[in-house]
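Heads up: the structure comes next, in structure tokens.
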2 protein chains.
Amino acid sequence: MKSINVAILGFGTVGRGTFKVLLENEKLIEARCGFKVNVKKILDINPYAIKSSGLPKRMFTSNIKDILDDPSIQIVAEVMGGIEPASTYMLKALNAKKHVVSSNKAALAENISQLKEAAKKNKVELMYEASVCGAIPVLSAIKGNLAANKFTEIRGIVNGTSNYILTQMTENGMRYEAALALAQEHGFAEADPTADVEGIDAANKICLLADLAMGYYRKPSAIKRVGISGITDQDIKDAVEKDCKIKLIAKAKLGKNGIVLSVKPELIKKDDILYNVDYEFNGITLKTDCADDVFFYGRGAGSVPTGSAVSGDIISIAKIINAKPAEKSPAKKK
Amino acid sequence: MKSINVAILGFGTVGRGTFKVLLENEKLIEARCGFKVNVKKILDINPYAIKSSGLPKRMFTSNIKDILDDPSIQIVAEVMGGIEPASTYMLKALNAKKHVVSSNKAALAENISQLKEAAKKNKVELMYEASVCGAIPVLSAIKGNLAANKFTEIRGIVNGTSNYILTQMTENGMRYEAALALAQEHGFAEADPTADVEGIDAANKICLLADLAMGYYRKPSAIKRVGISGITDQDIKDAVEKDCKIKLIAKAKLGKNGIVLSVKPELIKKDDILYNVDYEFNGITLKTDCADDVFFYGRGAGSVPTGSAVSGDIISIAKIINAKPAEKSPAKKK
């Protein structure tokens with residue numbers, strides 16, 4: 001069996017999830033993509049993460065050069081989060097002719113044009129399914145079987161943390177602060193929840209969606225964005241009285257004056273398909289000219305679900321490599 | 001711009017939809033796959049279909065040999081329906097080293113093993129997204145970004161006709177016969193509705209899903225199947241009284257004793273994600289070991305939505321051809 005070597009950048013929640021998926025479903029993945037997927041190197045500087053992993057020390061490095069300079073590593077999975085140094089590492093990996101997979105919406109949304117250009121120039125793949133709605137294969141659908149369609153609107157609940165908080169406020173009468181604390185307790189919100197509750201995370205995702213589906217790119221900082229931290233229990237009560245729920249909606253809409261991107265809390269009616277997307281779940285509707293509306297629902301976050309999406313991209317790249325004649329494969333290059 | 005030649009077998013509902021999608025979104029498709037997708041030949045024996053199409057007569061043929069023997073045709077889209085001669089035509093096309101796309105669940109479900117083997121032997125693609133849930137990209141998700149997962153259950157409303165009838169009975173108090181007549185009037189049911197209302201169509205689809213996702217194949221005739229023609233208005237009333245709806249559920253479930261496939265009417269509770277899949281729509285849930293549950297919803301039938309799925313497969317194949325070095329492309333073979 002041929003094997004393909006992967007490096008994982010960042011051994012946090014997503015990195016560990018990816019490692020777990022690749023290991024647990026090793027045989028099944030081999031059968032499906034024709035390659036043994038082998039994690040050769042992990043970049044992390046946290047000694048606790050390294051020690052608690054139980055993995056041999058030699059698998060870890062704190063120097064990106066150990067990965068970039070290793071010609072046997074064909075795929076780099078960047079799952080470290082944050083704009084830098086992640087963006088620079090991705091660019092360097094692409095320029096070193098390595099395929100890149102990423103779950104890092106902040107880095108991707110900020111630098112997607114530059115990253116796509118580097119991938120194109122170096123004739124390698126850049127895939128980032130895990131960065132938008134975690135385990136839900138929405139980017140693959142846009143690039144894949146829906147590729148014959150014009151996308152006229154993308155509309156979704158793409159941030160699990162804020163959706164969890166709003167659901168707790170709506171269903172269980174909690175106040176914002178208490179719901180946030182509960183989300184943090186359950187691991188659905190980080191200690192600093194700003195990116196989630198202020199719609200920054202959702203803005204990153206809608207930017208990536210609009211870029212991919214509509215060929216329209218704007219920096220996340222340039223889009224209209226309102227978070228949920230100002231939502232009061234009175235707002236929630238008013239919504240329920242109108243038979244509605246308040247949801248944080250990310251939207252890219254093609255109108256008369258072009259495409260408009262927005263992230264803001266909206267009143268969602270009972271007959272709206274997004275009405276039943278509750279708690280930490282994500283849901284997204286693509287409006288198209290030929291396939292009509294297509295809706296996707298699932299887990300937008302979490303270690304193993306997101307790791308499943310990262311692994312899915314790794315498998316897709318392995319299949320592409322497998323389909324090419326052996327002498328053209330980067331694995332054989334020196 | 002390079003071009004790729006396609007032949008369409010059957011110029012009925014799906015054939016015309018496919019032609020329309022490829023034509024209307026020609027520029028967009030070119031930009032996305034790097035090929036001008038050109039419909040070179042259409043197989044049909046119906047003089048009315050040919051005349052009413054308004055297309056030049058030379059585009060049509062009633063002889064499959066005109067397509068099989070044309071080395072410039074790289075992709076055959078079989079959208080004629082029925083087990084034969086469709087299965088034979090697909091096999092012949094694969095053996096002539098042409099890629100095959102199909103929307104024909106009856107032919108595929110009956111002969112999928114033989115067809116897959118022929119595709120493998122001839123190193124060509126066999127894609128059939130349109131055959132299961134029309135415009136919903138569920139097969140692509142299984143093969144694509146969810147490929148790192150073990151699928152433990154597939155459960156869905158995969159037949160729009162029977163779902164439309166059951167919804168009319170539930171929402172509007174219609175009796176079975178009246179609802180069927182209305183479905184026929186709206187074009188959601190054929191003159192002979194047997195395949196839809198007796199669960200034959202759903203059985204074909206669950207067989208294809210189980211084969212692809214679970215590597216488990218059974219002939220459609222071998223699976224447990226109950227249709228909806230025996231559902232009375234009393235059954236519907238009883239369901240509503242229990243806060244449920246009756247839905248025709250196709251299921252593939254991995255249990256202690258292996259995989260069991262079934263198609264039968266089931267009581268669906270309000271908190272079930274399939275509860276709100278009404279009228280002619282389809283919905284399907286994939287239970288996985290890593291991504292957890294992923295749900296898809298959209299149009300399972302219709303000329304243009306299904307044509308969008310056929311076109312999506314054509315684009316995917318064009319991309320695969322494009323990724324390979326030119327000298328290896330079938331287009332250049334003699």
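If you're wondering about the labels, chains in the structure tokens are A, B, ... by order shown, residues count from 1 in each chain, ligands from 1 in order shown.
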
Compile a residue-level contact table for chain A against chain B at a cut-off of 7 Å, reporting for every qualifying residue the shortest atom pair and its distance in Å to one decimal, with only C-alpha atoms counted, rows ordered by chain and ascending number, as CSV.
```
residue,atom,partner,partner_atom,distance
A:Val21,CA,B:Cys290,CA,6.9
A:Asn25,CA,B:Ala148,CA,6.7
A:Ile29,CA,B:Ala148,CA,5.9
A:Ala135,CA,B:Ala291,CA,5.3
A:Ile136,CA,B:Val294,CA,6.6
A:Pro137,CA,B:Asn145,CA,5.9
A:Ser140,CA,B:Asn145,CA,6.7
A:Ala141,CA,B:Pro137,CA,6.4
A:Gly144,CA,B:Ser316,CA,6.5
A:Asn145,CA,B:Gly312,CA,4.2
A:Leu146,CA,B:Gly312,CA,5.6
A:Ala147,CA,B:Gly312,CA,5.5
A:Ala148,CA,B:Gly312,CA,5.4
A:Asn149,CA,B:Ser308,CA,6.9
A:Cys290,CA,B:Pro305,CA,5.3
A:Ala291,CA,B:Pro305,CA,4.0
A:Asp292,CA,B:Pro305,CA,6.7
A:Asp293,CA,B:Gly298,CA,6.0
A:Val294,CA,B:Gly298,CA,4.7
A:Phe295,CA,B:Tyr297,CA,4.9
A:Phe296,CA,B:Phe296,CA,4.8
A:Tyr297,CA,B:Phe295,CA,4.9
A:Gly298,CA,B:Val294,CA,4.7
A:Val304,CA,B:Cys290,CA,5.6
A:Pro305,CA,B:Ala291,CA,4.1
A:Ser308,CA,B:Ala291,CA,5.8
A:Ala309,CA,B:Asn145,CA,6.1
A:Ser311,CA,B:Ala148,CA,5.9
A:Gly312,CA,B:Asn145,CA,4.2
A:Asp313,CA,B:Asn145,CA,6.1
A:Ser316,CA,B:Gly144,CA,6.5
A:Lys324,CA,B:Lys324,CA,6.0
```

- Task: as a ChimeraX atom specification, list the residues of stretch 152-270 of chain B assigned to alpha helix (DSSP H) by DSSP on the backbone atoms of this structure.
- Result: /B:160-172,176-185,194-197,200-214,233-241

Output the selection as a short mmCIF file (atom, residue, chain, number, x, y, z; two decimals), in the first residue's frame - C-alpha atoms for each residue.
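Okay, selection_28.cif is ready:
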```
data_model
loop_
_atom_site.label_atom_id
_atom_site.label_comp_id
_atom_site.auth_asym_id
_atom_site.auth_seq_id
_atom_site.Cartn_x
_atom_site.Cartn_y
_atom_site.Cartn_z
CA GLY B 160 -41.03 13.13 -3.68
CA THR B 161 -44.22 11.67 -5.15
CA SER B 162 -45.19 9.60 -2.12
CA ASN B 163 -44.17 12.42 0.20
CA TYR B 164 -46.38 14.86 -1.73
CA ILE B 165 -49.35 12.49 -1.43
CA LEU B 166 -48.80 11.87 2.30
CA THR B 167 -48.41 15.61 2.93
CA GLN B 168 -51.67 16.40 1.10
CA MET B 169 -53.42 13.73 3.16
CA THR B 170 -51.95 15.10 6.42
CA GLU B 171 -52.08 18.86 5.86
CA ASN B 172 -55.20 19.17 3.73
CA TYR B 176 -55.22 8.88 -1.01
CA GLU B 177 -56.87 8.74 -4.46
CA ALA B 178 -57.49 12.49 -4.60
CA ALA B 179 -53.96 13.28 -3.45
CA LEU B 180 -52.52 10.95 -6.07
CA ALA B 181 -54.65 12.60 -8.77
CA LEU B 182 -53.42 16.03 -7.66
CA ALA B 183 -49.79 14.81 -7.73
CA GLN B 184 -50.37 13.59 -11.28
CA GLU B 185 -51.94 16.91 -12.25
CA THR B 194 -46.57 2.14 -9.05
CA ALA B 195 -42.78 2.65 -8.73
CA ASP B 196 -43.28 5.72 -6.55
CA VAL B 197 -46.21 4.74 -4.32
CA ILE B 200 -39.81 0.64 -5.62
CA ASP B 201 -38.12 3.94 -6.45
CA ALA B 202 -37.13 4.44 -2.80
CA ALA B 203 -35.79 0.89 -2.67
CA ASN B 204 -33.56 1.57 -5.68
CA LYS B 205 -32.19 4.66 -3.94
CA ILE B 206 -31.50 3.05 -0.57
CA CYS B 207 -29.70 0.21 -2.37
CA LEU B 208 -27.45 2.72 -4.13
CA LEU B 209 -26.83 4.63 -0.88
CA ALA B 210 -25.95 1.49 1.11
CA ASP B 211 -23.66 0.29 -1.66
CA LEU B 212 -21.77 3.58 -1.80
CA ALA B 213 -21.64 4.46 1.89
CA MET B 214 -21.50 1.06 3.54
CA ASP B 233 -57.28 8.71 6.15
CA GLN B 234 -57.85 6.97 9.49
CA ASP B 235 -54.12 6.09 9.63
CA ILE B 236 -53.29 9.74 9.01
CA LYS B 237 -55.72 10.91 11.71
CA ASP B 238 -54.27 8.43 14.21
CA ALA B 239 -50.78 9.72 13.43
CA VAL B 240 -51.76 13.37 13.87
CA GLU B 241 -53.44 12.53 17.18
#
```

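The spacing separating atom CA of A:Glu117 from atom CA of B:Lys27 amounts to 21.6 Å.
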
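Among the candidate residues A:Ala109, A:Val39, A:Val124, A:Ala250, the one lying nearest to A:Gly81 is A:Ala109, with distances computed using only C-alpha atoms.
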
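The strand (DSSP E) portion of stretch 131-263 of chain B consists of Phe151, Thr152, Glu153, Ile154, Arg155, Gly156, Ile157, Lys224, Arg225, Cys244, Lys245, Ile246, Lys247, Leu248, Ile249, Ala250, Lys251, Ala252, Lys253, Leu254, Gly255, Gly258, Ile259, Val260, Leu261, Ser262 and Val263 of chain B, with states taken from DSSP on the backbone.
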
- Length of the atom CA of A:Phe60 to atom CA of A:Ile42 vector [Å]: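 Separating atom CA of A:Phe60 from atom CA of A:Ile42 is a distance of 4.8 Å.
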
Write out as a PDB file with N, CA and C atoms, in the first residue's frame the residues lying within 12 Å of B:Lys57, counting only C-alpha atoms and excluding same-chain residues fewer than 2 positions away.
```pdb
ATOM      1  N   LYS B  40     -22.858  17.111 -27.972  1.00  0.00           N
ATOM      2  CA  LYS B  40     -22.638  16.822 -29.393  1.00  0.00           C
ATOM      3  C   LYS B  40     -23.749  15.978 -29.993  1.00  0.00           C
ATOM      4  N   LYS B  41     -24.267  15.055 -29.204  1.00  0.00           N
ATOM      5  CA  LYS B  41     -25.251  14.124 -29.747  1.00  0.00           C
ATOM      6  C   LYS B  41     -26.306  13.804 -28.689  1.00  0.00           C
ATOM      7  N   ILE B  42     -27.532  13.626 -29.153  1.00  0.00           N
ATOM      8  CA  ILE B  42     -28.620  13.233 -28.258  1.00  0.00           C
ATOM      9  C   ILE B  42     -29.285  11.990 -28.836  1.00  0.00           C
ATOM     10  N   LEU B  43     -29.400  10.961 -28.003  1.00  0.00           N
ATOM     11  CA  LEU B  43     -30.078   9.739 -28.450  1.00  0.00           C
ATOM     12  C   LEU B  43     -31.545   9.816 -28.056  1.00  0.00           C
ATOM     13  N   ASP B  44     -32.428   9.738 -29.054  1.00  0.00           N
ATOM     14  CA  ASP B  44     -33.861   9.663 -28.748  1.00  0.00           C
ATOM     15  C   ASP B  44     -34.594   9.131 -29.965  1.00  0.00           C
ATOM     16  N   PRO B  47     -39.950  11.235 -32.248  1.00  0.00           N
ATOM     17  CA  PRO B  47     -39.876  12.343 -33.222  1.00  0.00           C
ATOM     18  C   PRO B  47     -40.444  13.640 -32.653  1.00  0.00           C
ATOM     19  N   TYR B  48     -41.429  13.532 -31.756  1.00  0.00           N
ATOM     20  CA  TYR B  48     -42.011  14.741 -31.180  1.00  0.00           C
ATOM     21  C   TYR B  48     -40.991  15.468 -30.305  1.00  0.00           C
ATOM     22  N   ALA B  49     -40.267  14.700 -29.487  1.00  0.00           N
ATOM     23  CA  ALA B  49     -39.237  15.290 -28.614  1.00  0.00           C
ATOM     24  C   ALA B  49     -38.188  16.003 -29.445  1.00  0.00           C
ATOM     25  N   ILE B  50     -37.838  15.391 -30.568  1.00  0.00           N
ATOM     26  CA  ILE B  50     -36.809  15.973 -31.433  1.00  0.00           C
ATOM     27  C   ILE B  50     -37.313  17.280 -32.057  1.00  0.00           C
ATOM     28  N   LYS B  51     -38.534  17.205 -32.595  1.00  0.00           N
ATOM     29  CA  LYS B  51     -39.086  18.373 -33.271  1.00  0.00           C
ATOM     30  C   LYS B  51     -39.293  19.540 -32.296  1.00  0.00           C
ATOM     31  N   SER B  52     -39.908  19.207 -31.141  1.00  0.00           N
ATOM     32  CA  SER B  52     -40.250  20.278 -30.196  1.00  0.00           C
ATOM     33  C   SER B  52     -39.017  20.892 -29.538  1.00  0.00           C
ATOM     34  N   SER B  53     -37.874  20.205 -29.657  1.00  0.00           N
ATOM     35  CA  SER B  53     -36.661  20.734 -29.019  1.00  0.00           C
ATOM     36  C   SER B  53     -36.155  21.989 -29.726  1.00  0.00           C
ATOM     37  N   GLY B  54     -36.483  22.108 -31.006  1.00  0.00           N
ATOM     38  CA  GLY B  54     -35.984  23.254 -31.762  1.00  0.00           C
ATOM     39  C   GLY B  54     -34.507  23.151 -32.097  1.00  0.00           C
ATOM     40  N   LEU B  55     -33.896  22.024 -31.765  1.00  0.00           N
ATOM     41  CA  LEU B  55     -32.463  21.847 -32.039  1.00  0.00           C
ATOM     42  C   LEU B  55     -32.274  21.259 -33.434  1.00  0.00           C
ATOM     43  N   MET B  59     -28.174  16.836 -34.507  1.00  0.00           N
ATOM     44  CA  MET B  59     -27.744  16.549 -33.136  1.00  0.00           C
ATOM     45  C   MET B  59     -28.334  15.236 -32.621  1.00  0.00           C
ATOM     46  N   PHE B  60     -29.414  14.774 -33.255  1.00  0.00           N
ATOM     47  CA  PHE B  60     -30.112  13.591 -32.747  1.00  0.00           C
ATOM     48  C   PHE B  60     -29.717  12.320 -33.499  1.00  0.00           C
ATOM     49  N   THR B  61     -29.809  11.231 -32.780  1.00  0.00           N
ATOM     50  CA  THR B  61     -29.649   9.927 -33.412  1.00  0.00           C
ATOM     51  C   THR B  61     -30.540   8.935 -32.679  1.00  0.00           C
ATOM     52  N   SER B  62     -30.921   7.878 -33.373  1.00  0.00           N
ATOM     53  CA  SER B  62     -31.646   6.815 -32.685  1.00  0.00           C
ATOM     54  C   SER B  62     -30.765   5.578 -32.579  1.00  0.00           C
TER      55      SER B  62
END
```

- Interatomic distance, atom CA of A:Asn111 to atom CA of A:Arg16 (Å, one decimal):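 Taking atom CA of A:Asn111 and atom CA of A:Arg16, their separation equals 24.9 Å.
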
A:Lys36 environment, 7 Å, only C-alpha atoms, sequence neighbours closer than 5 positions dropped, as a tab-separated table (two decimals) with C-alpha atoms, in the first residue's frame:
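Output file around.tsv is given in full below:
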```tsv
chain	number	residue	atom	x	y	z
A	1	MET	CA	0.00	0.00	0.00
A	2	LYS	CA	1.32	3.43	-0.97
A	3	SER	CA	1.43	5.96	1.83
A	4	ILE	CA	1.09	9.69	2.01
A	30	GLU	CA	-6.88	3.43	3.04
```

- Query: So which residues touch A:Leu126 within 7 Å, counting only C-alpha atoms, skipping near sequence neighbours fewer than 2 positions away, as a ChimeraX atom specification?
  - Reply: /A:99-101,116,119,124,128

- Task: Name the residues in contact with stretch 82-84 of chain B at a cut-off of 7 Å, using only C-alpha atoms, excluding same-chain residues fewer than 3 positions from it; report them as a PyMOL selection string.
- Result: chain B and resi 87-88+106-107

- Item | Residues within 8 Å of B:Ile268, only C-alpha atoms, excluding chain neighbours under 5 positions, as a list of chain:residue names |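 Returned residues: B:Cys244, B:Lys245, B:Ile246, B:Lys247, B:Leu274, B:Tyr275.
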